[in-house]
Every structure is written in structure tokens, then in C-alpha cells.
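One file, work.csv, carrying CSV, C-alpha atoms:
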chain,number,residue,atom,x,y,z
A,18,MET,CA,-42.3,-13.4,13.2
A,19,ALA,CA,-40.1,-10.3,13.4
A,20,PRO,CA,-36.4,-10.9,13.2
A,21,ASP,CA,-34.3,-10.8,16.3
A,22,ARG,CA,-32.5,-7.5,16.8
A,23,ASP,CA,-29.5,-9.2,18.4
A,24,ALA,CA,-29.2,-11.5,15.3
A,25,ILE,CA,-29.1,-8.4,13.1
A,26,LEU,CA,-26.4,-6.8,15.2
A,27,LYS,CA,-24.4,-10.0,15.0
A,28,ALA,CA,-24.8,-9.9,11.2
A,29,LEU,CA,-23.5,-6.4,11.2
A,30,GLU,CA,-20.2,-7.6,12.7
A,31,ARG,CA,-19.5,-9.1,9.3
A,32,VAL,CA,-19.8,-5.7,7.6
A,33,ILE,CA,-16.3,-4.5,7.1
A,34,ASP,CA,-15.3,-0.9,6.5
A,35,PRO,CA,-13.5,-1.2,3.1
A,36,GLU,CA,-10.8,1.3,4.1
A,37,LEU,CA,-10.3,0.7,7.8
A,38,LYS,CA,-10.6,-3.1,7.3
A,39,ARG,CA,-12.5,-3.5,10.6
A,40,PRO,CA,-16.2,-4.3,11.4
A,41,VAL,CA,-18.5,-1.3,11.5
A,42,THR,CA,-19.6,-2.5,14.9
A,43,ASP,CA,-16.1,-2.3,16.3
A,44,LEU,CA,-15.8,1.2,15.0
A,45,ASP,CA,-19.1,2.4,16.5
A,46,MET,CA,-20.4,3.3,13.0
A,47,VAL,CA,-23.8,1.7,13.5
A,48,ARG,CA,-26.0,4.5,14.7
A,49,ASP,CA,-29.4,2.8,14.7
A,50,VAL,CA,-31.1,-0.4,13.8
A,51,ALA,CA,-34.9,-0.4,13.4
A,52,VAL,CA,-36.9,-3.6,13.0
A,53,ALA,CA,-40.6,-3.5,11.9
A,54,PRO,CA,-43.1,-6.2,12.7
A,55,ASP,CA,-43.3,-7.3,9.1
A,56,GLY,CA,-39.5,-8.0,9.0
A,57,ALA,CA,-38.4,-4.7,7.3
A,58,VAL,CA,-35.1,-3.6,8.7
A,59,GLU,CA,-33.5,-0.2,8.5
A,60,VAL,CA,-29.8,0.3,9.4
A,61,VAL,CA,-28.2,3.7,9.9
A,62,ILE,CA,-24.4,3.8,9.5
A,63,ALA,CA,-22.4,7.0,10.4
A,64,LEU,CA,-19.6,7.6,7.9
A,65,THR,CA,-16.5,9.7,8.5
A,66,VAL,CA,-17.3,12.0,5.5
A,67,ALA,CA,-20.5,12.7,3.8
A,68,GLY,CA,-19.4,11.9,0.3
A,69,CYS,CA,-17.7,8.5,1.0
A,70,PRO,CA,-16.8,7.1,-2.4
A,71,LEU,CA,-17.2,3.5,-1.1
A,72,ARG,CA,-20.8,3.7,0.0
A,73,SER,CA,-21.8,0.9,-2.4
A,74,SER,CA,-19.6,-1.5,-0.5
A,75,PHE,CA,-21.6,-0.8,2.7
A,76,GLN,CA,-24.8,-1.2,0.8
A,77,ASP,CA,-23.8,-4.5,-0.7
A,78,GLN,CA,-22.5,-5.9,2.6
A,79,VAL,CA,-25.5,-4.9,4.7
A,80,ALA,CA,-27.9,-6.3,2.1
A,81,GLN,CA,-25.9,-9.6,2.0
A,82,HIS,CA,-25.5,-10.2,5.8
A,83,VAL,CA,-28.6,-8.6,7.3
A,84,GLY,CA,-30.7,-9.9,4.5
A,85,ALA,CA,-29.6,-13.4,5.4
A,86,VAL,CA,-31.0,-13.1,9.0
A,87,SER,CA,-34.1,-15.3,9.6
A,88,GLY,CA,-37.3,-13.2,9.4
A,89,VAL,CA,-35.9,-10.3,7.5
A,90,SER,CA,-38.2,-9.3,4.6
A,91,SER,CA,-36.3,-6.2,3.3
A,92,VAL,CA,-33.2,-4.2,4.2
A,93,ALA,CA,-32.8,-0.4,3.9
A,94,LEU,CA,-29.5,1.4,4.6
A,95,ARG,CA,-29.3,5.1,5.4
A,96,PHE,CA,-26.1,7.1,6.0
A,97,ASP,CA,-25.3,9.8,8.5
A,98,VAL,CA,-22.0,11.6,9.2
A,99,MET,CA,-19.9,11.4,12.4
A,100,THR,CA,-19.8,14.4,14.7
A,101,PRO,CA,-16.3,15.9,15.4
A,102,GLU,CA,-16.5,14.2,18.8
A,103,GLU,CA,-17.2,10.8,17.2
A,104,LYS,CA,-14.3,11.3,14.8
A,105,ALA,CA,-12.0,12.1,17.7
A,106,ALA,CA,-13.1,9.0,19.5
A,107,LEU,CA,-12.6,6.9,16.3
A,108,ALA,CA,-9.1,8.3,15.8
A,109,THR,CA,-8.2,7.4,19.4
A,110,ARG,CA,-9.5,3.9,18.9
A,111,LEU,CA,-7.6,3.4,15.7
A,112,ARG,CA,-4.4,4.8,17.3
A,113,GLY,CA,-4.7,2.1,19.9
A,114,GLY,CA,-3.5,4.3,22.7
A,115,ARG,CA,-0.3,5.4,20.9
A,116,PRO,CA,0.6,9.0,21.0
A,117,GLU,CA,0.4,11.2,18.0
A,118,ARG,CA,3.5,11.6,15.7
A,119,GLU,CA,4.7,8.1,16.7
A,120,ILE,CA,5.5,5.8,13.8
A,121,ARG,CA,2.4,3.7,13.4
A,122,LEU,CA,3.7,0.6,11.7
A,123,ASP,CA,3.3,-2.6,13.6
A,124,PRO,CA,6.6,-4.0,14.8
A,125,GLY,CA,5.9,-7.1,12.7
A,126,THR,CA,5.5,-5.2,9.4
A,127,ARG,CA,8.2,-5.8,6.9
A,128,VAL,CA,9.3,-2.7,5.1
A,129,VAL,CA,10.7,-3.2,1.5
A,130,ALA,CA,12.2,-0.1,-0.1
A,131,VAL,CA,12.5,-0.3,-3.9
A,132,ALA,CA,15.4,1.9,-4.9
A,133,SER,CA,17.5,2.8,-7.9
A,134,GLY,CA,20.4,5.0,-8.7
A,135,LYS,CA,18.7,6.8,-11.5
A,136,GLY,CA,15.3,7.4,-13.0
A,137,GLY,CA,13.8,5.6,-16.0
A,138,VAL,CA,14.6,2.0,-14.9
A,139,GLY,CA,11.0,1.1,-14.1
A,140,LYS,CA,11.2,1.3,-10.4
A,141,SER,CA,7.7,2.6,-9.7
A,142,THR,CA,6.1,0.1,-12.1
A,143,LEU,CA,7.9,-2.7,-10.4
A,144,THR,CA,6.9,-1.4,-6.9
A,145,ALA,CA,3.2,-1.4,-7.8
A,146,ASN,CA,3.4,-4.8,-9.4
A,147,LEU,CA,5.5,-6.4,-6.6
A,148,ALA,CA,3.0,-5.1,-4.1
A,149,THR,CA,0.2,-6.7,-6.2
A,150,ALA,CA,2.0,-10.0,-6.4
A,151,LEU,CA,2.6,-10.1,-2.6
A,152,SER,CA,-1.1,-9.3,-2.1
A,153,GLU,CA,-2.0,-12.2,-4.5
A,154,ARG,CA,-0.1,-14.4,-2.1
A,155,GLY,CA,-2.4,-13.5,0.7
A,156,GLU,CA,-0.2,-10.8,2.4
A,157,ARG,CA,-1.7,-7.6,3.7
A,158,VAL,CA,0.2,-4.9,1.8
A,159,GLY,CA,0.6,-1.2,1.8
A,160,VAL,CA,2.3,1.0,-0.9
A,161,LEU,CA,4.0,4.2,0.1
A,162,ASP,CA,5.0,6.5,-2.7
A,163,ALA,CA,8.1,8.2,-1.2
A,164,ASP,CA,9.1,9.8,-4.5
A,165,VAL,CA,7.6,13.1,-3.6
A,166,TYR,CA,8.8,15.1,-6.6
A,167,GLY,CA,8.2,12.4,-9.2
A,168,TYR,CA,5.1,10.7,-7.7
A,169,SER,CA,3.6,8.1,-10.1
A,170,ILE,CA,2.1,5.4,-7.9
A,171,PRO,CA,-1.4,6.8,-8.1
A,172,HIS,CA,-1.3,6.8,-11.9
A,173,VAL,CA,0.3,3.3,-12.2
A,174,LEU,CA,-2.4,1.9,-9.8
A,175,GLY,CA,-5.2,4.0,-11.1
A,176,VAL,CA,-6.0,5.5,-7.7
A,177,THR,CA,-7.7,8.9,-7.8
A,178,GLN,CA,-9.6,8.9,-4.5
A,179,ARG,CA,-8.3,11.4,-1.9
A,180,PRO,CA,-7.4,10.1,1.5
A,181,ILE,CA,-9.9,10.7,4.3
A,182,VAL,CA,-8.9,12.6,7.4
A,183,VAL,CA,-10.5,11.4,10.6
A,184,ASP,CA,-9.6,13.9,13.3
A,185,SER,CA,-5.8,13.8,13.2
A,186,LEU,CA,-5.5,10.5,11.3
A,187,ILE,CA,-5.2,10.0,7.6
A,188,VAL,CA,-7.1,6.9,6.1
A,189,PRO,CA,-5.3,5.8,2.9
A,190,PRO,CA,-7.4,4.9,-0.2
A,191,VAL,CA,-7.7,1.2,-0.9
A,192,ARG,CA,-7.3,-0.3,-4.3
A,193,GLY,CA,-8.5,-3.9,-4.0
A,194,ASP,CA,-6.6,-5.1,-0.9
A,195,LEU,CA,-3.8,-2.6,-1.3
A,196,LYS,CA,-3.6,0.5,0.9
A,197,VAL,CA,-2.0,3.4,-1.0
A,198,MET,CA,-0.5,6.7,0.1
A,199,SER,CA,1.2,9.3,-2.1
A,200,ILE,CA,1.6,13.0,-2.0
A,201,GLY,CA,0.1,12.8,-5.5
A,202,LEU,CA,-3.3,12.1,-3.9
A,203,PHE,CA,-3.2,15.6,-2.4
A,204,ALA,CA,-1.8,17.5,-5.5
A,205,GLU,CA,-4.1,19.5,-7.7
A,206,ASP,CA,-4.2,18.7,-11.4
A,207,ASN,CA,-0.8,16.9,-11.5
A,208,GLY,CA,0.8,20.0,-10.0
A,209,PRO,CA,4.5,20.0,-9.0
A,210,ILE,CA,5.7,19.6,-5.5
A,211,MET,CA,8.3,22.4,-4.8
A,212,TRP,CA,9.7,21.7,-1.3
A,213,ARG,CA,13.1,21.9,0.3
A,214,GLY,CA,14.7,19.1,2.3
A,215,PRO,CA,13.1,19.7,5.7
A,216,MET,CA,9.6,19.6,4.3
A,217,LEU,CA,10.3,16.3,2.5
A,218,HIS,CA,11.3,14.7,5.9
A,219,LYS,CA,8.2,16.1,7.6
A,220,ALA,CA,6.0,14.7,4.8
A,221,LEU,CA,7.5,11.3,5.1
A,222,GLN,CA,7.2,11.3,8.9
A,223,GLN,CA,3.6,12.3,8.6
A,224,PHE,CA,2.9,9.4,6.1
A,225,LEU,CA,4.4,7.0,8.7
A,226,SER,CA,2.9,8.5,11.9
A,227,ASP,CA,-0.5,10.0,10.9
A,228,VAL,CA,-1.6,7.5,8.2
A,229,HIS,CA,-3.7,4.6,9.6
A,230,TRP,CA,-1.9,1.7,7.9
A,231,GLY,CA,-3.6,-0.9,10.1
A,232,GLU,CA,-2.3,-4.4,10.2
A,233,LEU,CA,0.2,-4.9,7.4
A,234,ASP,CA,2.5,-7.8,6.6
A,235,THR,CA,4.5,-5.7,4.2
A,236,LEU,CA,4.9,-2.0,3.3
A,237,VAL,CA,6.4,-1.6,-0.1
A,238,VAL,CA,8.1,1.9,-0.5
A,239,ASP,CA,8.7,3.4,-3.9
A,240,MET,CA,11.9,5.4,-3.3
A,241,PRO,CA,13.0,8.4,-5.3
A,242,PRO,CA,16.0,7.7,-7.6
A,243,GLY,CA,19.4,8.7,-6.3
A,244,THR,CA,20.9,9.3,-2.9
A,245,GLY,CA,19.1,12.5,-1.7
A,246,ASP,CA,17.2,13.6,1.3
A,247,VAL,CA,14.3,11.1,1.1
A,248,ALA,CA,16.7,8.1,1.1
A,249,ILE,CA,18.4,9.4,4.2
A,250,SER,CA,15.0,10.1,5.9
A,251,ILE,CA,13.7,6.6,5.2
A,252,GLY,CA,16.8,5.2,6.8
A,253,GLN,CA,16.3,7.3,9.9
A,254,LEU,CA,12.5,6.7,10.2
A,255,LEU,CA,12.5,3.0,9.3
A,256,PRO,CA,15.8,1.5,10.5
A,257,ARG,CA,14.4,-2.0,9.9
A,258,ALA,CA,13.8,-1.4,6.2
A,259,GLU,CA,15.1,-3.7,3.6
A,260,ALA,CA,16.2,-2.5,0.2
A,261,ILE,CA,15.8,-3.9,-3.3
A,262,ILE,CA,17.9,-2.2,-5.9
A,263,VAL,CA,16.6,-1.9,-9.5
A,264,THR,CA,18.8,-1.6,-12.5
A,265,THR,CA,18.7,-2.1,-16.2
A,266,PRO,CA,21.3,-4.3,-18.0
A,267,GLN,CA,23.7,-1.6,-19.3
A,268,PRO,CA,26.8,-0.7,-17.4
A,269,ALA,CA,25.8,3.0,-17.1
A,270,ALA,CA,22.7,2.1,-15.1
A,271,GLN,CA,24.5,-0.6,-13.1
A,272,GLN,CA,27.3,1.7,-12.0
A,273,VAL,CA,24.9,4.3,-10.8
A,274,ALA,CA,22.8,1.7,-9.0
A,275,VAL,CA,25.8,0.8,-6.9
A,276,ARG,CA,25.6,4.2,-5.2
A,277,ALA,CA,22.0,3.6,-4.1
A,278,ALA,CA,23.0,0.2,-2.7
A,279,VAL,CA,25.9,1.7,-0.7
A,280,MET,CA,23.7,4.5,0.6
A,281,ALA,CA,21.0,2.0,1.7
A,282,GLN,CA,23.6,0.1,3.6
A,283,LYS,CA,25.1,3.3,5.2
A,284,THR,CA,21.6,4.3,6.4
A,285,GLY,CA,21.0,1.0,8.1
A,286,MET,CA,19.0,-0.8,5.5
A,287,ARG,CA,19.6,-4.4,4.6
A,288,VAL,CA,20.0,-4.9,0.9
A,289,VAL,CA,18.1,-8.1,0.1
A,290,GLY,CA,18.8,-8.2,-3.6
A,291,VAL,CA,18.9,-6.8,-7.1
A,292,VAL,CA,16.3,-6.7,-9.8
A,293,GLU,CA,17.3,-6.3,-13.4
A,294,ASN,CA,14.5,-4.7,-15.4
A,295,MET,CA,14.1,-4.6,-19.2
A,296,SER,CA,16.5,-7.6,-19.6
A,297,TRP,CA,15.3,-8.7,-23.0
A,298,LEU,CA,12.4,-8.0,-25.4
A,299,VAL,CA,9.6,-10.6,-25.1
A,300,GLY,CA,9.0,-12.8,-28.1
A,301,THR,CA,12.5,-12.2,-29.5
A,302,GLY,CA,15.0,-12.5,-26.6
A,303,GLN,CA,16.8,-9.5,-28.0
A,304,GLU,CA,18.8,-7.7,-25.4
A,305,LEU,CA,18.0,-4.1,-26.2
A,306,PHE,CA,20.0,-2.6,-23.4
A,307,GLY,CA,22.9,-5.1,-23.3
A,308,SER,CA,23.3,-7.7,-20.7
A,309,GLY,CA,25.0,-8.6,-17.4
A,310,GLY,CA,24.2,-5.4,-15.5
A,311,GLY,CA,22.1,-7.1,-12.9
A,312,GLU,CA,24.6,-9.9,-12.2
A,313,ALA,CA,27.5,-7.3,-12.1
A,314,LEU,CA,25.6,-5.2,-9.6
A,315,ALA,CA,24.7,-8.2,-7.4
A,316,ALA,CA,28.3,-9.3,-7.4
A,317,GLU,CA,29.6,-5.9,-6.5
A,318,ILE,CA,27.3,-5.3,-3.6
A,319,GLY,CA,27.3,-8.9,-2.3
A,320,ALA,CA,23.6,-9.5,-2.8
A,321,PRO,CA,21.6,-12.0,-4.9
A,322,LEU,CA,20.0,-11.3,-8.2
A,323,LEU,CA,16.4,-11.8,-7.3
A,324,ALA,CA,14.8,-11.6,-10.8
A,325,GLN,CA,15.2,-10.5,-14.4
A,326,ILE,CA,12.1,-8.7,-15.8
A,327,PRO,CA,11.7,-8.7,-19.5
A,328,PHE,CA,10.9,-5.7,-21.7
A,329,ASP,CA,7.2,-6.4,-22.2
A,330,PRO,CA,4.9,-3.9,-23.9
A,331,THR,CA,2.0,-5.2,-21.9
A,332,LEU,CA,3.7,-4.0,-18.7
A,333,ARG,CA,3.9,-0.5,-20.1
A,334,GLU,CA,0.3,-0.6,-21.4
A,335,ALA,CA,-1.0,-1.8,-18.1
A,336,SER,CA,0.7,1.0,-16.1
A,337,ASP,CA,-0.5,3.7,-18.5
A,338,ALA,CA,-4.1,2.3,-18.0
A,339,GLY,CA,-3.7,2.3,-14.2
A,340,ARG,CA,-3.7,-1.4,-13.7
A,341,PRO,CA,-1.1,-3.9,-12.5
A,342,VAL,CA,0.0,-6.2,-15.4
A,343,LEU,CA,-0.8,-9.1,-13.1
A,344,GLU,CA,-4.4,-8.1,-13.4
A,345,SER,CA,-4.6,-7.0,-17.1
A,346,ALA,CA,-2.3,-9.7,-18.5
A,347,PRO,CA,-1.8,-12.4,-15.8
A,348,ASP,CA,-0.4,-14.9,-18.2
A,349,SER,CA,2.2,-12.6,-19.7
A,350,GLU,CA,5.9,-13.1,-19.5
A,351,ALA,CA,6.3,-10.0,-17.4
A,352,SER,CA,3.6,-11.2,-14.9
A,353,ALA,CA,5.5,-14.5,-14.5
A,354,ALA,CA,8.8,-12.7,-13.9
A,355,ILE,CA,7.2,-10.4,-11.2
A,356,ARG,CA,5.7,-13.4,-9.4
A,357,THR,CA,9.1,-14.9,-9.4
A,358,LEU,CA,10.4,-11.7,-7.8
A,359,ALA,CA,7.7,-11.9,-5.2
A,360,GLU,CA,8.6,-15.5,-4.4
A,361,ALA,CA,12.2,-14.5,-4.0
A,362,VAL,CA,11.4,-11.6,-1.7
A,363,VAL,CA,9.2,-13.9,0.5
A,364,ALA,CA,12.0,-16.5,0.5
A,365,ARG,CA,14.6,-13.9,1.6
A,366,ARG,CA,12.4,-13.0,4.6
A,367,ALA,CA,11.9,-16.7,5.5
A,368,GLY,CA,15.7,-17.2,5.3
A,369,ALA,CA,16.3,-14.2,7.5
A,370,ILE,CA,13.9,-15.5,10.1
A,371,ARG,CA,15.5,-18.9,10.1
A,372,LYS,CA,18.9,-17.4,10.5
A,373,ALA,CA,17.7,-15.3,13.4
A,374,LEU,CA,16.2,-18.3,15.1
A,375,THR,CA,19.4,-20.3,14.6
A,376,VAL,CA,21.4,-17.5,16.3
A,377,LEU,CA,19.0,-17.6,19.2
Encoded form using C-alpha cells:
Amino acid sequence: MAPDRDAILKALERVIDPELKRPVTDLDMVRDVAVAPDGAVEVVIALTVAGCPLRSSFQDQVAQHVGAVSGVSSVALRFDVMTPEEKAALATRLRGGRPEREIRLDPGTRVVAVASGKGGVGKSTLTANLATALSERGERVGVLDADVYGYSIPHVLGVTQRPIVVDSLIVPPVRGDLKVMSIGLFAEDNGPIMWRGPMLHKALQQFLSDVHWGELDTLVVDMPPGTGDVAISIGQLLPRAEAIIVTTPQPAAQQVAVRAAVMAQKTGMRVVGVVENMSWLVGTGQELFGSGGGEALAAEIGAPLLAQIPFDPTLREASDAGRPVLESAPDSEASAAIRTLAEAVVARRAGAIRKALTVL
């Protein structure tokens, strides 16, 4: 008995676009379903681009879900490419009726900006691993690399896939469950970005308005070091953002980090806490960069010390290999400390919600 076509269409509702995170049926990507009397099924899915790097995900999902339908003897999947009109319709559907150039983050999305007063304190590495730790906890997480000149998030997370453009929307690459956006994904051969201030603001605005972030619980933003144009723009574009200030233990880093905290506050961000990185060498406890910088910074800006992250070679090795240390060395001392940081970040949000409800 030939399988029921409606049952096959129902099964296709469980096939999720790996980048857009929505069923292919909702996105009108199913172009055709052919059912033969002997139970052979052929499905045609229209992709946004011909060379979609995640084709294997569609193949695996269609084989799994359609193949489980009663009466199906074999499953074949063919791909087609959307027409310009279909891409425009998809962009309109993803935009949800919102006008272009409007900030696309859902009002319920928490924005956590990871900032520092100077470079070299491990801010980008902590950003990538904090995002991974939050994702481990079941949150839907995006990572925005706002360090336009010194972009490093693609390298730290091992993301090389270029974003896909659907009409006027940019679909960010997905690494596991993380959605990632960086100017580095557009740069050629690690080329430098040589822009003046107004172009920086425009790029950030585009990353927030034209990128289809979808439904996110948290957007983690890797800020550039210092107190320049990008920090001001983030404050203007995302007035609800919260800031985490990263320092190392020595006074020279702590004193510079104070400036980043003050600027975050002046641009409307809420400083939720401080992270002290490279606090001690794992295995020895040796304080290579002194001690007390994190506590001093927290006391000076009136925010809690959320976590101390040890100087762990596995963290550096994982970042160079393009993997979060929580994946490559989940039982390491650094991984435990980063999970502690994620717990503290989540707890700070819960505390803020309770405080708001108490006021109401």
C-alpha cells in the first residue's frame, strides 16, 4: 500500500532548517513531494543558495522523518534553488512584518556585552566560551563580534562559513546551536578592516537590523577593547544591554578596565559584574599576574566579582583549534570556572527580574 502523502507532509514539518531554525514547511521550502505506488518517495527542497554547506543536514532529517512514515520503501531528496521572488517572500516572512532597518532582536532577548579596558585580557575567548556555557544550559544564544578591527570570534569558534543573504536579510552561520556574526566572515584572507567611525556604526546597525537572529534568549556581544566609537554605538543601538567587564589581576589592567565600566554606565548599560581572567596557573596556584585586580575593580565600580578564570593552557589550545574549551576539555579547571561564570550571569538576570516584579 502506497504511503499517505499527507503523512509525508506531516513528517516534513519535523525537518528543521539548520540555520533558520524553523520547519521547511513553514518556510515554503518544500517544492514537491512525489509518491510512487511501490512506496518510493522523492522530495524536492528549494534552498536559498545553490551551494548550501548544510545540505547533509536536510538529507539526514528527510531520511529520518520521511523514512519512518508507514509504507515508505525508499526516500530520495533533490535540491532546487529559490527564485528571487521566493527569496523576497521568505525575507518578508522572516521579518515578521517589521520594516527594514529596524533592530530585529526580540524584546525578550537579553544582551550581554563583554567589555574590557585594554586588549590581551582574553575577552574574546571568554565571550565564545560563555556563549557555549549558556547554550549548554538550554538557552538559545547568538554571538555578535563587535570588535570590527580585531575580529577573532570566527577563529575562536572555528566558523568559516559565509553568511547567506536572502533578499535583504542576512542569515548568520550556525555552529552547533550558536548563531554567529562577525565582519571577519566577510573579510578576504584575514584582511584588515580600514574604516572610519561612521562606517563602524553603520556595520553594527546592519548586524542588528538586517541579520535574522530569530528567537534568542541571549545575545553575547564581544566588544572591542577601550572606549571608542563601537562602545558608544552599542549603547545607542542596544540601550537594554548589560555589561560584563573583563580584567586580569594586575593593577595596570584593573585601572584601565575601570574606564570601560564607567563608559558602559554612561551609555546606559547596566554593569552586571566583573570577571578576572588568568587569575592563577592551573596545577600550581601560582599568581603569574599578581592578585586582587578583579576584587579591586568590582569594589570600585560597585559590581560583584562574578568569577575568576585560571590561566589554563587547555583554554588557549582550544581557542587556537577553533573549539570552545567546554567541548575539547569539559572537565578542565577552565571549563568549570566558565560554567560558574555562566551560572552567575543567569543568576544576575533572575535577580533583576525578581527585583522588577517586587517594584511592580
Excluding Ala130 of chain A and its own-chain neighbours fewer than 5 positions away, which residues fall within 9 Å of it when counting only C-alpha atoms? Please give them as a JSON list (two decimals) with C-alpha atoms, in the frame of the given file.
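Full text of part_11.json as output:
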[["chain", "number", "residue", "atom", "x", "y", "z"],
["A", 144, "THR", "CA", 6.90, -1.40, -6.90],
["A", 236, "LEU", "CA", 4.90, -2.00, 3.30],
["A", 237, "VAL", "CA", 6.40, -1.60, -0.10],
["A", 238, "VAL", "CA", 8.10, 1.90, -0.50],
["A", 239, "ASP", "CA", 8.70, 3.40, -3.90],
["A", 240, "MET", "CA", 11.90, 5.40, -3.30],
["A", 251, "ILE", "CA", 13.70, 6.60, 5.20],
["A", 258, "ALA", "CA", 13.80, -1.40, 6.20],
["A", 259, "GLU", "CA", 15.10, -3.70, 3.60],
["A", 260, "ALA", "CA", 16.20, -2.50, 0.20],
["A", 261, "ILE", "CA", 15.80, -3.90, -3.30],
["A", 262, "ILE", "CA", 17.90, -2.20, -5.90],
["A", 286, "MET", "CA", 19.00, -0.80, 5.50]]
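Among A:Pro101, A:Pro241, A:Pro180, A:Gly167, the residue with the shortest atom-to-atom distance to Ser133 of chain A, counting only C-alpha atoms, is A:Pro241.
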field: Distance query Val165 of chain A at most 9 Å, only C-alpha atoms, self and fewer than 5 positions along chain excluded, as a PyMOL selection string
entry: chain A and resi 199-201+210+217+220-221+240-241+247
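Once Arg31 of chain A and its same-chain neighbours fewer than 5 positions away are set aside, Pro40, Val41, Thr42, Gln78, Val79 and His82 of chain A remain within 9 Å of it when counting only C-alpha atoms.
Interatomic distance, atom CA of Ile181 of chain A against atom CA of Thr149 of chain A: 22.7 Å.
Each of A:Val138, A:Ala19, A:Leu122, A:Ala145 was compared to Val86 of chain A using all atoms listed in the file, and A:Ala19 turns out to be the nearest.
Compared by their closest atoms to Pro189 of chain A, and using all atoms listed in the file, the residues A:Gly231, A:Gly56, A:Gly285, A:Gly300 rank with A:Gly231 nearest.
Shortest separation to Leu202 of chain A among A:Ala108, A:Leu161, A:Leu233, A:Ala51 occurs at residue A:Leu161, atoms counted being only C-alpha atoms.
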Might you pull out every residue within 9 Å of Ser90 of chain A, with all atoms listed in the file counted and same-chain residues fewer than 3 positions away left off, and present them as an mmCIF file with C-alpha atoms, in the frame of the given file?
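Written file, part-v2.cif:
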data_model
loop_
_atom_site.group_PDB
_atom_site.id
_atom_site.type_symbol
_atom_site.label_atom_id
_atom_site.label_comp_id
_atom_site.auth_asym_id
_atom_site.auth_seq_id
_atom_site.Cartn_x
_atom_site.Cartn_y
_atom_site.Cartn_z
ATOM 1 C CA PRO A 20 -36.400 -10.900 13.200
ATOM 2 C CA ASP A 55 -43.300 -7.300 9.100
ATOM 3 C CA GLY A 56 -39.500 -8.000 9.000
ATOM 4 C CA ALA A 57 -38.400 -4.700 7.300
ATOM 5 C CA VAL A 58 -35.100 -3.600 8.700
ATOM 6 C CA GLY A 84 -30.700 -9.900 4.500
ATOM 7 C CA SER A 87 -34.100 -15.300 9.600
#
message: To one decimal place in Å, what is the distance between atom CA of Pro327 of chain A and atom CA of Ala270 of chain A?
response: 16.0 Å
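Atom to atom, atom CA of Ala150 of chain A and atom CA of Gly193 of chain A stand 12.4 Å apart.
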May I have the residues within 12 Å of Asp43 of chain A as a short mmCIF file (atom, residue, chain, number, x, y, z; two decimals) with C-alpha atoms, keeping the file's coordinate frame, using only C-alpha atoms and disregarding those fewer than 6 positions away in the same chain?
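The file below, result.cif, is the result:
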data_model
loop_
_atom_site.label_atom_id
_atom_site.label_comp_id
_atom_site.auth_asym_id
_atom_site.auth_seq_id
_atom_site.Cartn_x
_atom_site.Cartn_y
_atom_site.Cartn_z
CA LEU A 26 -26.40 -6.80 15.20
CA LYS A 27 -24.40 -10.00 15.00
CA LEU A 29 -23.50 -6.40 11.20
CA GLU A 30 -20.20 -7.60 12.70
CA ARG A 31 -19.50 -9.10 9.30
CA VAL A 32 -19.80 -5.70 7.60
CA ILE A 33 -16.30 -4.50 7.10
CA ASP A 34 -15.30 -0.90 6.50
CA LEU A 37 -10.30 0.70 7.80
CA LEU A 107 -12.60 6.90 16.30
CA ARG A 110 -9.50 3.90 18.90
CA LEU A 111 -7.60 3.40 15.70
#
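The smallest atom-to-atom distance between Leu174 of chain A and any of A:Lys219, A:Lys135, A:Arg276, A:Lys196, using all atoms listed in the file, is found for A:Lys196.
The residue that comes closest to Ser152 of chain A, out of A:Asp23, A:Leu225, A:Thr235, A:Thr177 and on the basis of only C-alpha atoms, is A:Thr235.
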